[in-house]
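A.B. asks: The structure follows.
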Amino acid sequence: MPKYLLVSFKTCPWVQRAAIVLREKNVDFEFRHIEPDNRPDWFLAISPHKKVPVLRVDDKVSLFESNAIAEFLDETTSPRLHPEDPVQRAVNRAWTDYLPTFAASVTGTAYADGEADFAKAAADIQTPFARLEGALEKQGAGPFFNGAKYSLVDAAYAPFLQRYTFLDRVKRLGHIEKFPRLKAWRDTLLARPSTHSFPPAEFEAMYRQALKRRNKWVSQFVDGASAIAAE
């Protein structure tokens with residue numbers, strides 16, 4: 001079995017995606033957390049974008065970009081998370097390609113500089129939510145994106161559905177309740193052990209502190225937000 005080292009910022013959703021795939025496949029790996037504001041030289045030498053995640057394989061090869069890491073793991077370790085049917089596999093890959101758009105919309109409120117920008121970002125969440133709701137309707141009855149079988153699409157979206165939940169608790173957004181399939185999918189993913197690199201309440205506290213340090217408009221609501229709820 002190869003030796004895997006996953007380089008991470010503690011609250012990075014893209015790292016979380018790679019870690020979820022590793023856990024779903026029961027692959028042993030080492031986490032190495034670094035600080036975003038103090039990225040060591042050894043890391044800068046192996047990360048072309050200076051970003052996480054980086055997956056080191058046998059101390060020889062450095063893989064970067066969470067989608068490439070997920071695809072590599074799915075090709076080399078079992079169980080296979082991609083569908084066997086080539087059309088369905090292409091559909092899944094298309095929806096993982098949509099993830100950056102979804103992620104930017106979902107987390108846009110966290111980066112808004114003022115109330116008007118926050119309101120616009122919050123309103124914009126409805127579009128990707130509606131598109132995912134439609135995709136889930138086409139894919140089947142759930143509980144996962146493809147129905148009964150967990151996939152790379154589930155691993156990709158879980159971190160961002162989790163962050164929507166965290167943001168919704170800091171400053172009410174109130175969108176996901178309008179999309180029952182998406183809400184049920186979110187609830188299923190957040191209840192799944194592989195989603196979590198830390199205990200859920202501990203991780204939510206870490207996320208809130210990171211949100212506060214970012215010092216954007218929504219940060220003012222962190223201290224007054226409702227009590228942390230474990231998933």
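Residues in the structure tokens are named by chain (A, B, ... in the order shown) and by number from 1 within that chain; ligands are numbered from 1 in the order shown.
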Return as a tab-separated table the residues of range 146-177 of chain A lying at most 8 Å from range 102-115 of chain A, together with the closest atom-to-atom pair for each and the distance in Å to one decimal, counting only C-alpha atoms, with rows in chain order and ascending residue number.
C.D. replies:
residue	atom	partner	partner_atom	distance
A:Phe160	CA	A:Ala103	CA	6.1
A:Leu161	CA	A:Val106	CA	7.9
A:Arg163	CA	A:Thr107	CA	7.2
A:Tyr164	CA	A:Val106	CA	6.1
A:Leu167	CA	A:Ala110	CA	7.5
A.B. asks: Please build the interface table for range 11-125 of chain A against range 183-193 of chain A with a cut-off of 12 Å, listing for each qualifying residue the nearest atom pair and the distance in Å to one decimal; count only C-alpha atoms, order rows by chain and increasing number, and write it as CSV.
C.D. replies:
residue,atom,partner,partner_atom,distance
A:Ala19,CA,A:Pro193,CA,11.5
A:Ile20,CA,A:Pro193,CA,9.0
A:Val21,CA,A:Pro193,CA,11.8
A:Arg23,CA,A:Pro193,CA,8.8
A:Glu24,CA,A:Pro193,CA,9.2
A:Asn26,CA,A:Pro193,CA,11.9
A.B. asks: Any chance you can output those residues with N, CA, C and O atoms as a PDB file, in the first residue's frame?
C.D. replies:
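And here is the file that came out, out-v3.pdb:
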ATOM      1  N   ALA A  19      -9.796  14.333   1.835  1.00  0.00           N
ATOM      2  CA  ALA A  19      -9.806  13.486   3.035  1.00  0.00           C
ATOM      3  C   ALA A  19     -11.037  12.587   3.074  1.00  0.00           C
ATOM      4  O   ALA A  19     -10.964  11.422   3.498  1.00  0.00           O
ATOM      5  N   ILE A  20     -12.169  13.099   2.633  1.00  0.00           N
ATOM      6  CA  ILE A  20     -13.395  12.294   2.586  1.00  0.00           C
ATOM      7  C   ILE A  20     -13.195  11.089   1.675  1.00  0.00           C
ATOM      8  O   ILE A  20     -13.569   9.955   2.021  1.00  0.00           O
ATOM      9  N   VAL A  21     -12.607  11.306   0.500  1.00  0.00           N
ATOM     10  CA  VAL A  21     -12.385  10.193  -0.427  1.00  0.00           C
ATOM     11  C   VAL A  21     -11.465   9.156   0.201  1.00  0.00           C
ATOM     12  O   VAL A  21     -11.723   7.942   0.121  1.00  0.00           O
ATOM     13  N   ARG A  23     -11.073   8.520   3.367  1.00  0.00           N
ATOM     14  CA  ARG A  23     -11.800   7.808   4.425  1.00  0.00           C
ATOM     15  C   ARG A  23     -12.842   6.853   3.844  1.00  0.00           C
ATOM     16  O   ARG A  23     -13.043   5.753   4.371  1.00  0.00           O
ATOM     17  N   GLU A  24     -13.524   7.263   2.764  1.00  0.00           N
ATOM     18  CA  GLU A  24     -14.512   6.383   2.146  1.00  0.00           C
ATOM     19  C   GLU A  24     -13.862   5.099   1.631  1.00  0.00           C
ATOM     20  O   GLU A  24     -14.513   4.053   1.558  1.00  0.00           O
ATOM     21  N   ASN A  26     -11.211   3.773   3.100  1.00  0.00           N
ATOM     22  CA  ASN A  26     -10.488   3.159   4.229  1.00  0.00           C
ATOM     23  C   ASN A  26      -8.984   3.122   3.986  1.00  0.00           C
ATOM     24  O   ASN A  26      -8.314   2.139   4.307  1.00  0.00           O
TER      25      ASN A  26
END
A.B. asks: Which one of A:Leu152, A:Met1, A:Gln126, A:Glu133 sits closest to Ala90 in chain A if you count only C-alpha atoms?
C.D. replies: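 Of A:Leu152, A:Met1, A:Gln126, A:Glu133, the one nearest Ala90 in chain A is A:Leu152, counting only C-alpha atoms.
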A.B. asks: Pick out the residues sitting within 10 Å of Tyr4 in chain A, and hand them over as a ChimeraX atom specification; count only C-alpha atoms, and ignore anything fewer than 4 positions along from it in its own chain.
C.D. replies: /A:22,27-31,55-59,61-62
A.B. asks: Near Tyr98 in chain A, counting only C-alpha atoms, which residues have an atom at most 12 Å away, once you skip same-chain residues fewer than 5 positions from it, shown as a ChimeraX atom specification?
C.D. replies: /A:67,91-93,103-105,128-129,131-132,135,153,156-157
A.B. asks: Where in range 106-222 of chain A does DSSP assign helix (DSSP H, G or I), given as number ranges by chain?
C.D. replies: A: 106-111, 115-124, 126-139, 152-170, 176-178, 180-191, 193-195, 200-214, 217-221
A.B. asks: Go ahead and dump the residues you just picked, C-alpha atoms, as a tab-separated table (two decimals), in the first residue's frame.
C.D. replies:
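Contents of the output file selection_23.tsv:
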chain	number	residue	atom	x	y	z
A	106	VAL	CA	-22.45	29.21	-1.30
A	107	THR	CA	-19.50	30.87	0.46
A	108	GLY	CA	-19.88	34.30	-1.15
A	109	THR	CA	-21.58	35.71	1.94
A	110	ALA	CA	-18.44	34.95	3.97
A	111	TYR	CA	-16.42	37.34	1.77
A	115	GLU	CA	-24.48	44.55	4.02
A	116	ALA	CA	-25.54	45.16	0.42
A	117	ASP	CA	-22.89	42.79	-0.89
A	118	PHE	CA	-23.95	40.23	1.70
A	119	ALA	CA	-27.61	40.49	0.65
A	120	LYS	CA	-26.72	40.04	-3.01
A	121	ALA	CA	-24.46	37.07	-2.26
A	122	ALA	CA	-27.17	35.51	-0.11
A	123	ALA	CA	-29.75	35.91	-2.87
A	124	ASP	CA	-27.38	34.39	-5.42
A	126	GLN	CA	-30.73	30.20	-4.75
A	127	THR	CA	-29.55	29.63	-8.33
A	128	PRO	CA	-27.03	26.83	-7.63
A	129	PHE	CA	-29.39	25.36	-5.05
A	130	ALA	CA	-32.15	25.15	-7.67
A	131	ARG	CA	-29.80	23.53	-10.17
A	132	LEU	CA	-28.68	20.91	-7.67
A	133	GLU	CA	-32.28	20.28	-6.69
A	134	GLY	CA	-33.07	19.54	-10.34
A	135	ALA	CA	-30.04	17.29	-10.69
A	136	LEU	CA	-31.00	15.31	-7.59
A	137	GLU	CA	-34.51	14.84	-8.95
A	138	LYS	CA	-33.11	13.39	-12.17
A	139	GLN	CA	-30.59	11.16	-10.42
A	152	LEU	CA	-17.22	11.35	-5.76
A	153	VAL	CA	-20.01	13.90	-6.25
A	154	ASP	CA	-21.10	13.36	-2.65
A	155	ALA	CA	-17.54	13.78	-1.42
A	156	ALA	CA	-17.15	16.98	-3.44
A	157	TYR	CA	-20.29	18.79	-2.26
A	158	ALA	CA	-20.29	17.71	1.39
A	159	PRO	CA	-17.78	20.34	2.60
A	160	PHE	CA	-19.66	23.20	0.96
A	161	LEU	CA	-23.07	22.09	2.15
A	162	GLN	CA	-21.50	21.95	5.61
A	163	ARG	CA	-20.21	25.52	5.25
A	164	TYR	CA	-23.60	26.75	4.11
A	165	THR	CA	-24.97	25.25	7.32
A	166	PHE	CA	-22.33	27.00	9.41
A	167	LEU	CA	-22.98	30.35	7.71
A	168	ASP	CA	-26.73	29.92	8.08
A	169	ARG	CA	-26.23	29.60	11.84
A	170	VAL	CA	-24.12	32.75	12.02
A	176	ILE	CA	-32.04	25.21	1.83
A	177	GLU	CA	-35.49	24.62	3.33
A	178	LYS	CA	-36.97	25.57	-0.05
A	180	PRO	CA	-36.27	19.38	-0.03
A	181	ARG	CA	-34.03	17.03	-2.02
A	182	LEU	CA	-30.98	19.20	-1.45
A	183	LYS	CA	-31.77	19.51	2.25
A	184	ALA	CA	-32.17	15.74	2.60
A	185	TRP	CA	-28.88	15.23	0.73
A	186	ARG	CA	-27.16	17.76	2.99
A	187	ASP	CA	-28.51	16.05	6.10
A	188	THR	CA	-27.34	12.64	4.88
A	189	LEU	CA	-23.85	13.87	4.06
A	190	LEU	CA	-23.38	15.74	7.35
A	191	ALA	CA	-24.47	12.63	9.26
A	193	PRO	CA	-18.66	9.93	9.53
A	194	SER	CA	-16.36	10.27	6.52
A	195	THR	CA	-17.37	13.93	6.12
A	200	PRO	CA	-18.45	18.45	14.18
A	201	ALA	CA	-18.93	20.93	17.04
A	202	GLU	CA	-15.17	21.46	17.36
A	203	PHE	CA	-14.84	22.03	13.64
A	204	GLU	CA	-17.73	24.49	13.57
A	205	ALA	CA	-16.01	26.47	16.32
A	206	MET	CA	-12.79	26.47	14.27
A	207	TYR	CA	-14.69	27.67	11.21
A	208	ARG	CA	-16.33	30.47	13.16
A	209	GLN	CA	-12.98	31.65	14.47
A	210	ALA	CA	-11.59	31.64	10.93
A	211	LEU	CA	-14.65	33.62	9.82
A	212	LYS	CA	-14.07	36.14	12.58
A	213	ARG	CA	-10.39	36.56	11.66
A	214	ARG	CA	-11.40	37.26	8.06
A	217	TRP	CA	-19.29	42.00	7.22
A	218	VAL	CA	-20.72	38.72	8.51
A	219	SER	CA	-17.91	38.38	11.07
A	220	GLN	CA	-19.71	40.76	13.44
A	221	PHE	CA	-22.39	38.13	14.02
A.B. asks: DSSP on the backbone: which residues in range 36-178 of chain A end up as strand (DSSP E)? Give the answer as a ChimeraX atom specification.
C.D. replies: /A:54-57,61-64
A.B. asks: Would you mind telling me which residue in A:Phe9, A:Phe179, A:Phe43, A:Trp95 lies nearest to Asn146 in chain A when using only C-alpha atoms?
C.D. replies: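 Closest candidate: A:Trp95.
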A.B. asks: Mind pulling up the distance from CA of Arg17 in chain A to CA of Pro53 in chain A?
C.D. replies: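 Value for the CA of Pro53 in chain A-CA of Arg17 in chain A distance: 9.1 Å.
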A.B. asks: What does the structure give for the distance between CA of Val15 in chain A and CA of Val52 in chain A, in Å to one decimal?
C.D. replies: 6.4 Å
A.B. asks: Between A:Ser197, A:Asn215, A:Ser151, A:Thr11, which has the minimum distance to Pro83 in chain A (counting only C-alpha atoms)?
C.D. replies: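 Under the stated criterion, the closest residue is A:Ser151.
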